[in-house]
$ cat my_file.txt   # compact mmCIF, C-alpha atoms and all ligand atoms
# COMPACT_ATOMS: atom_id res chain seq x y z
CA MET Q 1 0.00 0.00 0.00
CA LYS Q 2 2.84 2.29 0.96
CA SER Q 3 4.63 1.55 -2.29
CA ALA Q 4 1.45 2.35 -4.27
CA LYS Q 5 1.22 5.75 -2.63
CA PHE Q 6 4.93 6.30 -3.30
CA LEU Q 7 4.44 5.39 -6.97
CA LEU Q 8 1.55 7.86 -7.26
CA PHE Q 9 3.74 10.53 -5.58
CA ILE Q 10 6.51 9.93 -8.14
CA LEU Q 11 4.00 9.95 -11.04
CA LEU Q 12 2.52 13.27 -9.87
CA LEU Q 13 6.00 14.74 -9.46
CA SER Q 14 6.83 13.75 -13.01
CA GLY Q 15 3.84 15.71 -14.31
CA PHE Q 16 1.47 12.74 -14.70
CA SER Q 17 -2.17 13.79 -14.61
CA VAL Q 18 -4.88 11.55 -13.19
CA THR Q 19 -7.25 12.93 -15.84
CA SER Q 20 -5.23 11.22 -18.56
CA PHE Q 21 -7.01 8.01 -17.48
CA ILE Q 22 -10.42 9.54 -18.29
CA PRO Q 23 -11.30 9.07 -21.95
CA ALA Q 24 -12.40 12.22 -23.76
CA PRO Q 25 -16.18 12.30 -24.34
CA PRO Q 26 -17.13 11.24 -27.87
CA ASP Q 27 -17.48 14.11 -30.29
CA PRO Q 28 -20.79 14.08 -32.23
CA SER Q 29 -19.05 15.84 -35.13
CA GLU Q 30 -17.00 12.68 -35.69
CA GLY Q 31 -20.08 10.53 -36.33
CA MET Q 32 -21.38 8.99 -39.52
CA ILE Q 33 -24.09 11.57 -40.18
CA LYS Q 34 -22.46 14.51 -41.92
CA THR Q 35 -25.41 15.25 -44.18
CA VAL Q 36 -28.94 14.56 -43.00
CA ILE Q 37 -32.00 14.61 -45.24
CA ILE Q 38 -35.15 15.80 -43.47
CA ASP Q 39 -38.29 14.74 -45.34
CA PRO Q 40 -41.52 16.31 -44.08
CA GLY Q 41 -44.22 13.97 -45.38
CA HIS Q 42 -46.88 15.02 -47.94
CA GLY Q 43 -47.50 18.68 -48.88
CA GLY Q 44 -49.40 20.79 -51.40
CA LYS Q 45 -52.32 18.82 -52.91
CA ASP Q 46 -51.51 15.84 -50.65
CA PRO Q 47 -52.69 16.74 -47.13
CA GLY Q 48 -51.62 13.39 -45.66
CA ALA Q 49 -53.76 12.21 -42.76
CA VAL Q 50 -56.54 14.54 -41.72
CA GLY Q 51 -57.48 15.19 -38.12
CA LYS Q 52 -60.48 17.05 -36.77
CA ARG Q 53 -58.68 20.40 -37.09
CA TYR Q 54 -55.29 19.89 -38.75
CA TYR Q 55 -53.52 18.28 -41.70
CA GLU Q 56 -50.56 15.96 -41.35
CA LYS Q 57 -48.65 17.90 -44.06
CA ASP Q 58 -48.56 21.07 -41.92
CA ILE Q 59 -47.43 19.29 -38.75
CA SER Q 60 -44.69 17.31 -40.52
CA LEU Q 61 -43.39 20.54 -42.11
CA GLN Q 62 -43.31 22.46 -38.84
CA VAL Q 63 -41.47 19.65 -37.00
CA GLY Q 64 -39.06 19.34 -39.93
CA LEU Q 65 -38.31 23.08 -39.83
CA GLN Q 66 -37.82 22.96 -36.04
CA LEU Q 67 -35.47 19.99 -36.42
CA LYS Q 68 -33.45 21.87 -39.04
CA ARG Q 69 -33.22 24.95 -36.79
CA ILE Q 70 -32.07 22.93 -33.77
CA LEU Q 71 -29.51 20.95 -35.79
CA ASN Q 72 -28.13 24.16 -37.32
CA GLU Q 73 -27.79 25.72 -33.87
CA CYS Q 74 -26.47 22.75 -31.90
CA LEU Q 75 -24.62 20.62 -34.47
CA PRO Q 76 -23.60 23.20 -37.11
CA HIS Q 77 -21.11 20.82 -38.76
CA ILE Q 78 -24.04 18.67 -39.97
CA LYS Q 79 -25.39 19.73 -43.35
CA VAL Q 80 -29.19 19.72 -43.35
CA VAL Q 81 -31.12 19.22 -46.58
CA MET Q 82 -34.93 19.45 -46.59
CA THR Q 83 -36.95 17.71 -49.30
CA ARG Q 84 -39.42 20.57 -48.86
CA ASP Q 85 -39.52 23.67 -46.68
CA THR Q 86 -42.83 25.04 -47.92
CA ASP Q 87 -46.31 23.64 -48.49
CA GLU Q 88 -45.58 22.03 -51.86
CA PHE Q 89 -46.20 18.62 -53.36
CA ILE Q 90 -43.02 16.61 -53.96
CA GLU Q 91 -43.27 13.16 -55.53
CA LEU Q 92 -41.78 10.31 -53.50
CA HIS Q 93 -39.20 9.38 -56.14
CA GLN Q 94 -38.11 13.05 -56.25
CA ARG Q 95 -37.54 13.04 -52.48
CA ALA Q 96 -35.30 9.99 -52.81
CA ALA Q 97 -33.43 11.56 -55.76
CA MET Q 98 -32.87 14.73 -53.73
CA ALA Q 99 -31.44 12.65 -50.88
CA GLN Q 100 -29.03 10.90 -53.22
CA ASP Q 101 -28.04 14.04 -55.16
CA ASN Q 102 -27.09 15.67 -51.87
CA LYS Q 103 -25.18 12.56 -50.78
CA GLY Q 104 -27.18 12.17 -47.61
CA ASP Q 105 -25.91 9.91 -44.86
CA PHE Q 106 -29.35 9.46 -43.32
CA PHE Q 107 -32.93 9.99 -44.48
CA ILE Q 108 -35.48 11.01 -41.85
CA SER Q 109 -39.08 11.04 -43.01
CA ILE Q 110 -41.52 12.80 -40.67
CA HIS Q 111 -45.19 11.82 -40.45
CA CYS Q 112 -48.32 11.59 -38.32
CA ASN Q 113 -50.32 8.41 -37.96
CA ALA Q 114 -54.06 7.88 -38.47
CA LEU Q 115 -56.58 5.17 -37.66
CA GLU Q 116 -60.34 4.93 -37.75
CA ASN Q 117 -60.18 3.98 -34.08
CA ARG Q 118 -59.75 7.44 -32.56
CA THR Q 119 -58.74 6.10 -29.16
CA LYS Q 120 -55.36 4.87 -30.46
CA PHE Q 121 -52.40 7.09 -29.68
CA GLY Q 122 -48.62 6.91 -29.39
CA THR Q 123 -45.45 7.09 -31.45
CA GLU Q 124 -43.79 4.54 -33.69
CA THR Q 125 -40.72 4.62 -35.91
CA TYR Q 126 -40.30 2.41 -38.95
CA VAL Q 127 -37.36 0.94 -40.77
CA LEU Q 128 -37.64 -0.70 -44.17
CA GLY Q 129 -38.78 -4.32 -44.04
CA ILE Q 130 -41.03 -6.68 -45.95
CA ASN Q 131 -42.77 -8.42 -43.06
CA PRO Q 132 -44.89 -5.87 -41.27
CA GLY Q 133 -47.47 -6.97 -38.75
CA GLN Q 134 -51.02 -6.93 -40.12
CA GLU Q 135 -51.98 -4.32 -37.51
CA ASN Q 136 -49.74 -1.84 -39.37
CA TYR Q 137 -51.28 -2.33 -42.84
CA GLN Q 138 -53.48 0.74 -42.58
CA THR Q 139 -50.50 2.99 -41.77
CA ILE Q 140 -48.37 1.54 -44.57
CA ILE Q 141 -51.10 1.84 -47.19
CA ALA Q 142 -51.94 5.40 -46.12
CA GLU Q 143 -48.31 6.54 -46.46
CA ASN Q 144 -47.61 4.72 -49.74
CA GLU Q 145 -50.86 6.07 -51.24
CA ALA Q 146 -49.08 9.45 -51.49
CA ILE Q 147 -48.03 8.26 -54.96
CA LEU Q 148 -51.68 8.32 -56.09
CA PHE Q 149 -51.30 12.11 -56.26
CA GLU Q 150 -48.52 11.67 -58.85
CA GLU Q 151 -49.38 11.82 -62.56
CA ASN Q 152 -47.49 8.75 -63.79
CA TYR Q 153 -47.31 6.63 -60.69
CA GLY Q 154 -48.12 3.41 -62.55
CA GLU Q 155 -45.10 3.85 -64.82
CA LEU Q 156 -42.79 5.42 -62.26
CA TYR Q 157 -43.20 2.63 -59.71
CA GLY Q 158 -43.40 -0.35 -62.03
CA GLY Q 159 -47.10 -1.00 -61.55
CA PHE Q 160 -46.86 -0.96 -57.75
CA ASP Q 161 -50.33 -0.93 -56.17
CA PRO Q 162 -50.00 1.11 -52.97
CA SER Q 163 -53.57 0.44 -51.84
CA SER Q 164 -53.36 -3.27 -51.13
CA PRO Q 165 -51.11 -5.51 -49.02
CA GLU Q 166 -50.67 -7.67 -52.14
CA GLY Q 167 -48.73 -4.70 -53.55
CA PHE Q 168 -46.01 -5.40 -51.00
CA ILE Q 169 -44.71 -8.02 -53.46
CA TYR Q 170 -43.12 -5.04 -55.25
CA PHE Q 171 -40.43 -5.13 -52.57
CA LYS Q 172 -39.61 -8.83 -53.01
CA LEU Q 173 -36.07 -8.13 -54.21
CA LEU Q 174 -35.39 -5.84 -51.31
CA LYS Q 175 -31.81 -6.00 -50.12
CA ASN Q 176 -31.82 -4.44 -46.74
CA VAL Q 177 -28.22 -3.30 -46.53
CA PHE Q 178 -28.83 -0.41 -44.14
CA ARG Q 179 -30.90 -2.34 -41.60
CA THR Q 180 -28.44 -2.02 -38.69
CA GLU Q 181 -27.92 1.74 -38.98
CA SER Q 182 -31.61 2.40 -39.60
CA SER Q 183 -32.72 0.32 -36.61
CA HIS Q 184 -30.18 2.00 -34.39
CA LEU Q 185 -31.49 5.51 -35.03
CA ALA Q 186 -35.09 4.30 -34.88
CA GLN Q 187 -34.47 2.84 -31.40
CA LYS Q 188 -32.91 6.09 -30.24
CA ILE Q 189 -35.84 8.15 -31.53
CA GLN Q 190 -38.34 5.89 -29.77
CA HIS Q 191 -36.28 6.09 -26.58
CA GLN Q 192 -36.46 9.88 -26.79
CA TYR Q 193 -40.21 9.91 -27.41
CA GLY Q 194 -40.95 7.42 -24.65
CA ASP Q 195 -38.42 7.97 -21.89
CA ARG Q 196 -37.46 11.61 -22.39
CA LEU Q 197 -40.64 13.23 -23.70
CA GLY Q 198 -43.18 11.05 -21.90
CA ARG Q 199 -45.05 10.11 -25.08
CA LYS Q 200 -46.40 6.60 -25.47
CA SER Q 201 -43.95 4.47 -27.44
CA ARG Q 202 -45.43 1.80 -29.69
CA GLY Q 203 -41.90 0.73 -30.60
CA VAL Q 204 -39.73 0.29 -33.66
CA LYS Q 205 -41.46 -1.48 -36.54
CA GLN Q 206 -40.63 -2.55 -40.06
CA ALA Q 207 -42.66 -1.86 -43.18
CA PRO Q 208 -42.36 -1.60 -46.96
CA PHE Q 209 -42.51 2.17 -47.25
CA ILE Q 210 -41.71 3.19 -50.79
CA VAL Q 211 -39.88 6.38 -49.78
CA LEU Q 212 -37.50 4.39 -47.54
CA TYR Q 213 -37.05 1.79 -50.27
CA LEU Q 214 -36.03 4.39 -52.85
CA SER Q 215 -33.78 6.48 -50.59
CA GLY Q 216 -30.82 4.11 -50.94
CA MET Q 217 -29.31 5.05 -47.59
CA PRO Q 218 -29.95 4.44 -43.89
CA ALA Q 219 -33.50 5.67 -43.45
CA ILE Q 220 -36.36 5.83 -40.99
CA LEU Q 221 -39.96 6.99 -41.12
CA THR Q 222 -41.24 8.31 -37.84
CA GLU Q 223 -44.93 8.51 -36.93
CA MET Q 224 -44.96 11.14 -34.17
CA GLY Q 225 -48.48 10.45 -32.99
CA PHE Q 226 -52.05 9.93 -34.18
CA ILE Q 227 -53.69 12.96 -35.74
CA THR Q 228 -56.96 11.01 -35.39
CA ASN Q 229 -56.72 11.13 -31.59
CA TYR Q 230 -58.06 14.44 -30.29
CA GLU Q 231 -55.52 14.95 -27.48
CA GLU Q 232 -52.59 13.82 -29.59
CA GLU Q 233 -53.69 16.04 -32.48
CA THR Q 234 -53.68 19.01 -30.09
CA PHE Q 235 -50.13 18.16 -28.97
CA LEU Q 236 -48.87 17.56 -32.54
CA ALA Q 237 -50.26 20.88 -33.75
CA SER Q 238 -48.91 22.94 -30.84
CA GLU Q 239 -45.62 24.79 -31.14
CA VAL Q 240 -44.47 23.33 -27.83
CA GLY Q 241 -45.28 19.82 -29.03
CA GLN Q 242 -43.46 20.37 -32.32
CA ILE Q 243 -40.35 21.69 -30.55
CA PHE Q 244 -40.47 18.75 -28.11
CA LEU Q 245 -40.67 16.21 -30.93
CA ALA Q 246 -37.94 17.91 -32.99
CA THR Q 247 -35.71 18.05 -29.91
CA GLY Q 248 -36.23 14.32 -29.39
CA ILE Q 249 -35.19 13.53 -32.97
CA TYR Q 250 -32.21 15.90 -32.66
CA ARG Q 251 -31.04 14.18 -29.45
CA ALA Q 252 -31.33 10.80 -31.18
CA VAL Q 253 -29.18 12.02 -34.11
CA LYS Q 254 -26.60 13.40 -31.69
CA ALA Q 255 -26.47 10.16 -29.69
CA TYR Q 256 -26.24 8.13 -32.91
CA ASN Q 257 -23.26 10.17 -34.07
CA MET Q 258 -21.50 9.59 -30.77
CA GLU Q 259 -21.67 5.83 -31.35
CA PHE Q 260 -21.26 5.40 -35.10
ZN ZN Q 301 -47.64 10.48 -43.72
$ encode --input "my_file.txt" --output "structure tokens" --more "lines below"
Ligand SMILES: [Zn+2]
Amino acid sequence: MKSAKFLLFILLLSGFSVTSFIPAPPDPSEGMIKTVIIDPGHGGKDPGAVGKRYYEKDISLQVGLQLKRILNECLPHIKVVMTRDTDEFIELHQRAAMAQDNKGDFFISIHCNALENRTKFGTETYVLGINPGQENYQTIIAENEAILFEENYGELYGGFDPSSPEGFIYFKLLKNVFRTESSHLAQKIQHQYGDRLGRKSRGVKQAPFIVLYLSGMPAILTEMGFITNYEEETFLASEVGQIFLATGIYRAVKAYNMEF
């Protein structure tokens, strides 16, 4: 024991610092996400899901803009590209092309959920997958049906029928090369929603969303709550709610970059 103290005394004399044992905290600027694509769902002639008072397209845009603002302020080394920053209609294949043209490292698509059962509420985040649970069919069909607003959707998407689960066959050749990265961010977003923001988490799910399929990079689609639930609609449409949700996604991106 005495000799240990003596050794420490010698080390301190020779300029050794105890803090050199403490590893430096990870730097989020070192992480994999250098360019993030923020994709507010729907827009223009496509309102997305419709609540009693609000449209999904307006909520997804406001959260997207808040997320951009927070990322610019807190992680200024990350380049932020928005697929839209106004109320305009952008076709799904154009969103994916924009992500690729800007060499995005991650694609974050922002949405609100909807069900006929207005008691359902909570958040869920999706990664690309071909085996969704049947309980998620309504959400998947509603999001993929955005292509019905496009002029040439039949040609553009190889005859894909977005309105039926049988259409999921379109994704049969899916090679899910970004599954690990996508799931990792999805888990972090759900952790933020559930544990940090006190929203109900319905978990990370997989689904054949066409916009994730086409993005060609790690990608998630987050459903921030049900616009069809009166209380959740009120939260989603409030500025406080939108800042909360954007902050949650920002914290998830930051944590992701500290690990990858
Ligand atoms: Zn949507």
$ residues_near_point --input "my_file.txt" --point "(-55.3, 4.8, -29.1)" --cutoff "12 Å" --atoms "all atoms listed in the file" --output "VMD selection string"
chain Q and resid 113 to 123 200 to 202 225 to 233
$ residues_around --input "my_file.txt" --residues "segment 155-162 of chain Q" --least-positions-apart "2" --cutoff "9 Å" --atoms "all atoms listed in the file" --output "PyMOL selection string"
chain Q and resi 93+140-148+152-153+164-170+210
$ atom_distance --input "my_file.txt" --atom1 "atom CA of Val80 of chain Q" --atom2 "atom CA of Ile38 of chain Q"
7.1 Å
$ closest_atom_pairs --input "my_file.txt" --of "chain Q" --to "ligand ZN 301 (chain Q)" --cutoff "6 Å" --atoms "only C-alpha atoms and all ligand atoms" --output "Markdown table"
| residue | atom | partner | partner_atom | distance |
| --- | --- | --- | --- | --- |
| Q:Gly41 | CA | Q:ZN301 | ZN | 5.2 |
| Q:Gly48 | CA | Q:ZN301 | ZN | 5.3 |
| Q:His111 | CA | Q:ZN301 | ZN | 4.3 |
| Q:Cys112 | CA | Q:ZN301 | ZN | 5.6 |
| Q:Glu143 | CA | Q:ZN301 | ZN | 4.8 |
$ residues_around --input "my_file.txt" --residues "Gly129 of chain Q" --least-positions-apart "4" --cutoff "6 Å" --atoms "only C-alpha atoms" --output "ChimeraX atom specification"
/Q:206-208
$ atom_distance --input "my_file.txt" --atom1 "atom CA of Lys45 of chain Q" --atom2 "atom CA of Glu91 of chain Q"
11.0 Å
$ decode --input "my_file.txt" --residues "segment 49-91 of chain Q" --atoms "N, CA and C atoms" --output "PDB file, in the first residue's frame"
ATOM      1  N   ALA Q  49     -52.624  12.554 -43.621  1.00  0.00           N
ATOM      2  CA  ALA Q  49     -53.758  12.207 -42.760  1.00  0.00           C
ATOM      3  C   ALA Q  49     -54.443  13.486 -42.292  1.00  0.00           C
ATOM      4  N   VAL Q  50     -55.749  13.362 -42.079  1.00  0.00           N
ATOM      5  CA  VAL Q  50     -56.540  14.537 -41.720  1.00  0.00           C
ATOM      6  C   VAL Q  50     -57.156  14.324 -40.338  1.00  0.00           C
ATOM      7  N   GLY Q  51     -56.888  15.265 -39.452  1.00  0.00           N
ATOM      8  CA  GLY Q  51     -57.482  15.194 -38.117  1.00  0.00           C
ATOM      9  C   GLY Q  51     -58.777  15.976 -38.081  1.00  0.00           C
ATOM     10  N   LYS Q  52     -59.250  16.257 -36.887  1.00  0.00           N
ATOM     11  CA  LYS Q  52     -60.481  17.048 -36.769  1.00  0.00           C
ATOM     12  C   LYS Q  52     -60.224  18.501 -37.148  1.00  0.00           C
ATOM     13  N   ARG Q  53     -58.973  18.970 -36.874  1.00  0.00           N
ATOM     14  CA  ARG Q  53     -58.676  20.397 -37.088  1.00  0.00           C
ATOM     15  C   ARG Q  53     -57.445  20.647 -37.955  1.00  0.00           C
ATOM     16  N   TYR Q  54     -56.577  19.641 -38.093  1.00  0.00           N
ATOM     17  CA  TYR Q  54     -55.288  19.893 -38.749  1.00  0.00           C
ATOM     18  C   TYR Q  54     -54.981  18.835 -39.795  1.00  0.00           C
ATOM     19  N   TYR Q  55     -54.038  19.213 -40.694  1.00  0.00           N
ATOM     20  CA  TYR Q  55     -53.524  18.284 -41.702  1.00  0.00           C
ATOM     21  C   TYR Q  55     -52.144  17.790 -41.280  1.00  0.00           C
ATOM     22  N   GLU Q  56     -51.887  16.527 -41.606  1.00  0.00           N
ATOM     23  CA  GLU Q  56     -50.557  15.960 -41.345  1.00  0.00           C
ATOM     24  C   GLU Q  56     -49.460  16.771 -42.043  1.00  0.00           C
ATOM     25  N   LYS Q  57     -49.704  17.220 -43.284  1.00  0.00           N
ATOM     26  CA  LYS Q  57     -48.652  17.896 -44.064  1.00  0.00           C
ATOM     27  C   LYS Q  57     -48.124  19.144 -43.345  1.00  0.00           C
ATOM     28  N   ASP Q  58     -48.989  19.840 -42.600  1.00  0.00           N
ATOM     29  CA  ASP Q  58     -48.562  21.071 -41.917  1.00  0.00           C
ATOM     30  C   ASP Q  58     -47.740  20.741 -40.668  1.00  0.00           C
ATOM     31  N   ILE Q  59     -48.144  19.690 -39.964  1.00  0.00           N
ATOM     32  CA  ILE Q  59     -47.426  19.294 -38.746  1.00  0.00           C
ATOM     33  C   ILE Q  59     -46.044  18.750 -39.112  1.00  0.00           C
ATOM     34  N   SER Q  60     -45.988  17.897 -40.134  1.00  0.00           N
ATOM     35  CA  SER Q  60     -44.690  17.314 -40.519  1.00  0.00           C
ATOM     36  C   SER Q  60     -43.729  18.417 -40.979  1.00  0.00           C
ATOM     37  N   LEU Q  61     -44.258  19.433 -41.665  1.00  0.00           N
ATOM     38  CA  LEU Q  61     -43.391  20.537 -42.114  1.00  0.00           C
ATOM     39  C   LEU Q  61     -42.860  21.333 -40.925  1.00  0.00           C
ATOM     40  N   GLN Q  62     -43.740  21.651 -39.990  1.00  0.00           N
ATOM     41  CA  GLN Q  62     -43.305  22.461 -38.838  1.00  0.00           C
ATOM     42  C   GLN Q  62     -42.267  21.719 -37.994  1.00  0.00           C
ATOM     43  N   VAL Q  63     -42.467  20.422 -37.772  1.00  0.00           N
ATOM     44  CA  VAL Q  63     -41.472  19.649 -36.999  1.00  0.00           C
ATOM     45  C   VAL Q  63     -40.158  19.564 -37.782  1.00  0.00           C
ATOM     46  N   GLY Q  64     -40.264  19.384 -39.093  1.00  0.00           N
ATOM     47  CA  GLY Q  64     -39.056  19.343 -39.932  1.00  0.00           C
ATOM     48  C   GLY Q  64     -38.269  20.636 -39.851  1.00  0.00           C
ATOM     49  N   LEU Q  65     -38.984  21.758 -39.900  1.00  0.00           N
ATOM     50  CA  LEU Q  65     -38.310  23.078 -39.826  1.00  0.00           C
ATOM     51  C   LEU Q  65     -37.678  23.280 -38.448  1.00  0.00           C
ATOM     52  N   GLN Q  66     -38.379  22.849 -37.405  1.00  0.00           N
ATOM     53  CA  GLN Q  66     -37.818  22.956 -36.045  1.00  0.00           C
ATOM     54  C   GLN Q  66     -36.564  22.090 -35.929  1.00  0.00           C
ATOM     55  N   LEU Q  67     -36.628  20.901 -36.488  1.00  0.00           N
ATOM     56  CA  LEU Q  67     -35.470  19.995 -36.419  1.00  0.00           C
ATOM     57  C   LEU Q  67     -34.272  20.620 -37.149  1.00  0.00           C
ATOM     58  N   LYS Q  68     -34.530  21.214 -38.294  1.00  0.00           N
ATOM     59  CA  LYS Q  68     -33.446  21.875 -39.040  1.00  0.00           C
ATOM     60  C   LYS Q  68     -32.836  22.998 -38.191  1.00  0.00           C
ATOM     61  N   ARG Q  69     -33.702  23.820 -37.603  1.00  0.00           N
ATOM     62  CA  ARG Q  69     -33.221  24.947 -36.786  1.00  0.00           C
ATOM     63  C   ARG Q  69     -32.356  24.450 -35.628  1.00  0.00           C
ATOM     64  N   ILE Q  70     -32.810  23.432 -34.944  1.00  0.00           N
ATOM     65  CA  ILE Q  70     -32.070  22.925 -33.773  1.00  0.00           C
ATOM     66  C   ILE Q  70     -30.738  22.314 -34.216  1.00  0.00           C
ATOM     67  N   LEU Q  71     -30.763  21.544 -35.297  1.00  0.00           N
ATOM     68  CA  LEU Q  71     -29.515  20.946 -35.793  1.00  0.00           C
ATOM     69  C   LEU Q  71     -28.527  22.037 -36.203  1.00  0.00           C
ATOM     70  N   ASN Q  72     -29.018  23.067 -36.888  1.00  0.00           N
ATOM     71  CA  ASN Q  72     -28.131  24.161 -37.321  1.00  0.00           C
ATOM     72  C   ASN Q  72     -27.501  24.862 -36.124  1.00  0.00           C
ATOM     73  N   GLU Q  73     -28.302  25.015 -35.055  1.00  0.00           N
ATOM     74  CA  GLU Q  73     -27.792  25.717 -33.866  1.00  0.00           C
ATOM     75  C   GLU Q  73     -26.841  24.854 -33.054  1.00  0.00           C
ATOM     76  N   CYS Q  74     -27.204  23.594 -32.870  1.00  0.00           N
ATOM     77  CA  CYS Q  74     -26.471  22.748 -31.899  1.00  0.00           C
ATOM     78  C   CYS Q  74     -25.415  21.860 -32.544  1.00  0.00           C
ATOM     79  N   LEU Q  75     -25.605  21.466 -33.781  1.00  0.00           N
ATOM     80  CA  LEU Q  75     -24.617  20.622 -34.467  1.00  0.00           C
ATOM     81  C   LEU Q  75     -24.339  21.250 -35.840  1.00  0.00           C
ATOM     82  N   PRO Q  76     -23.719  22.446 -35.848  1.00  0.00           N
ATOM     83  CA  PRO Q  76     -23.604  23.201 -37.105  1.00  0.00           C
ATOM     84  C   PRO Q  76     -22.731  22.528 -38.170  1.00  0.00           C
ATOM     85  N   HIS Q  77     -21.944  21.518 -37.772  1.00  0.00           N
ATOM     86  CA  HIS Q  77     -21.109  20.821 -38.763  1.00  0.00           C
ATOM     87  C   HIS Q  77     -21.947  19.865 -39.612  1.00  0.00           C
ATOM     88  N   ILE Q  78     -23.181  19.566 -39.175  1.00  0.00           N
ATOM     89  CA  ILE Q  78     -24.036  18.671 -39.972  1.00  0.00           C
ATOM     90  C   ILE Q  78     -24.786  19.494 -41.021  1.00  0.00           C
ATOM     91  N   LYS Q  79     -24.650  19.065 -42.266  1.00  0.00           N
ATOM     92  CA  LYS Q  79     -25.392  19.729 -43.346  1.00  0.00           C
ATOM     93  C   LYS Q  79     -26.828  19.191 -43.351  1.00  0.00           C
ATOM     94  N   VAL Q  80     -27.778  20.113 -43.376  1.00  0.00           N
ATOM     95  CA  VAL Q  80     -29.185  19.716 -43.351  1.00  0.00           C
ATOM     96  C   VAL Q  80     -29.818  20.038 -44.708  1.00  0.00           C
ATOM     97  N   VAL Q  81     -30.411  19.030 -45.307  1.00  0.00           N
ATOM     98  CA  VAL Q  81     -31.121  19.224 -46.578  1.00  0.00           C
ATOM     99  C   VAL Q  81     -32.578  18.847 -46.344  1.00  0.00           C
ATOM    100  N   MET Q  82     -33.500  19.742 -46.730  1.00  0.00           N
ATOM    101  CA  MET Q  82     -34.926  19.448 -46.587  1.00  0.00           C
ATOM    102  C   MET Q  82     -35.499  19.089 -47.965  1.00  0.00           C
ATOM    103  N   THR Q  83     -36.315  18.040 -48.008  1.00  0.00           N
ATOM    104  CA  THR Q  83     -36.949  17.706 -49.296  1.00  0.00           C
ATOM    105  C   THR Q  83     -38.020  18.731 -49.652  1.00  0.00           C
ATOM    106  N   ARG Q  84     -38.551  19.408 -48.618  1.00  0.00           N
ATOM    107  CA  ARG Q  84     -39.416  20.565 -48.864  1.00  0.00           C
ATOM    108  C   ARG Q  84     -39.381  21.453 -47.624  1.00  0.00           C
ATOM    109  N   ASP Q  85     -39.431  22.773 -47.839  1.00  0.00           N
ATOM    110  CA  ASP Q  85     -39.521  23.673 -46.684  1.00  0.00           C
ATOM    111  C   ASP Q  85     -40.690  24.634 -46.829  1.00  0.00           C
ATOM    112  N   THR Q  86     -41.574  24.306 -47.769  1.00  0.00           N
ATOM    113  CA  THR Q  86     -42.833  25.044 -47.919  1.00  0.00           C
ATOM    114  C   THR Q  86     -43.946  24.023 -48.143  1.00  0.00           C
ATOM    115  N   ASP Q  87     -45.162  24.528 -48.268  1.00  0.00           N
ATOM    116  CA  ASP Q  87     -46.313  23.644 -48.491  1.00  0.00           C
ATOM    117  C   ASP Q  87     -46.408  23.311 -49.978  1.00  0.00           C
ATOM    118  N   GLU Q  88     -45.555  22.404 -50.438  1.00  0.00           N
ATOM    119  CA  GLU Q  88     -45.581  22.033 -51.856  1.00  0.00           C
ATOM    120  C   GLU Q  88     -45.595  20.513 -51.989  1.00  0.00           C
ATOM    121  N   PHE Q  89     -46.127  20.059 -53.113  1.00  0.00           N
ATOM    122  CA  PHE Q  89     -46.196  18.621 -53.364  1.00  0.00           C
ATOM    123  C   PHE Q  89     -44.899  18.150 -54.016  1.00  0.00           C
ATOM    124  N   ILE Q  90     -44.249  17.187 -53.400  1.00  0.00           N
ATOM    125  CA  ILE Q  90     -43.020  16.605 -53.963  1.00  0.00           C
ATOM    126  C   ILE Q  90     -43.254  15.111 -54.106  1.00  0.00           C
ATOM    127  N   GLU Q  91     -43.038  14.585 -55.308  1.00  0.00           N
ATOM    128  CA  GLU Q  91     -43.271  13.158 -55.535  1.00  0.00           C
ATOM    129  C   GLU Q  91     -42.250  12.338 -54.742  1.00  0.00           C
TER     130      GLU Q  91
END
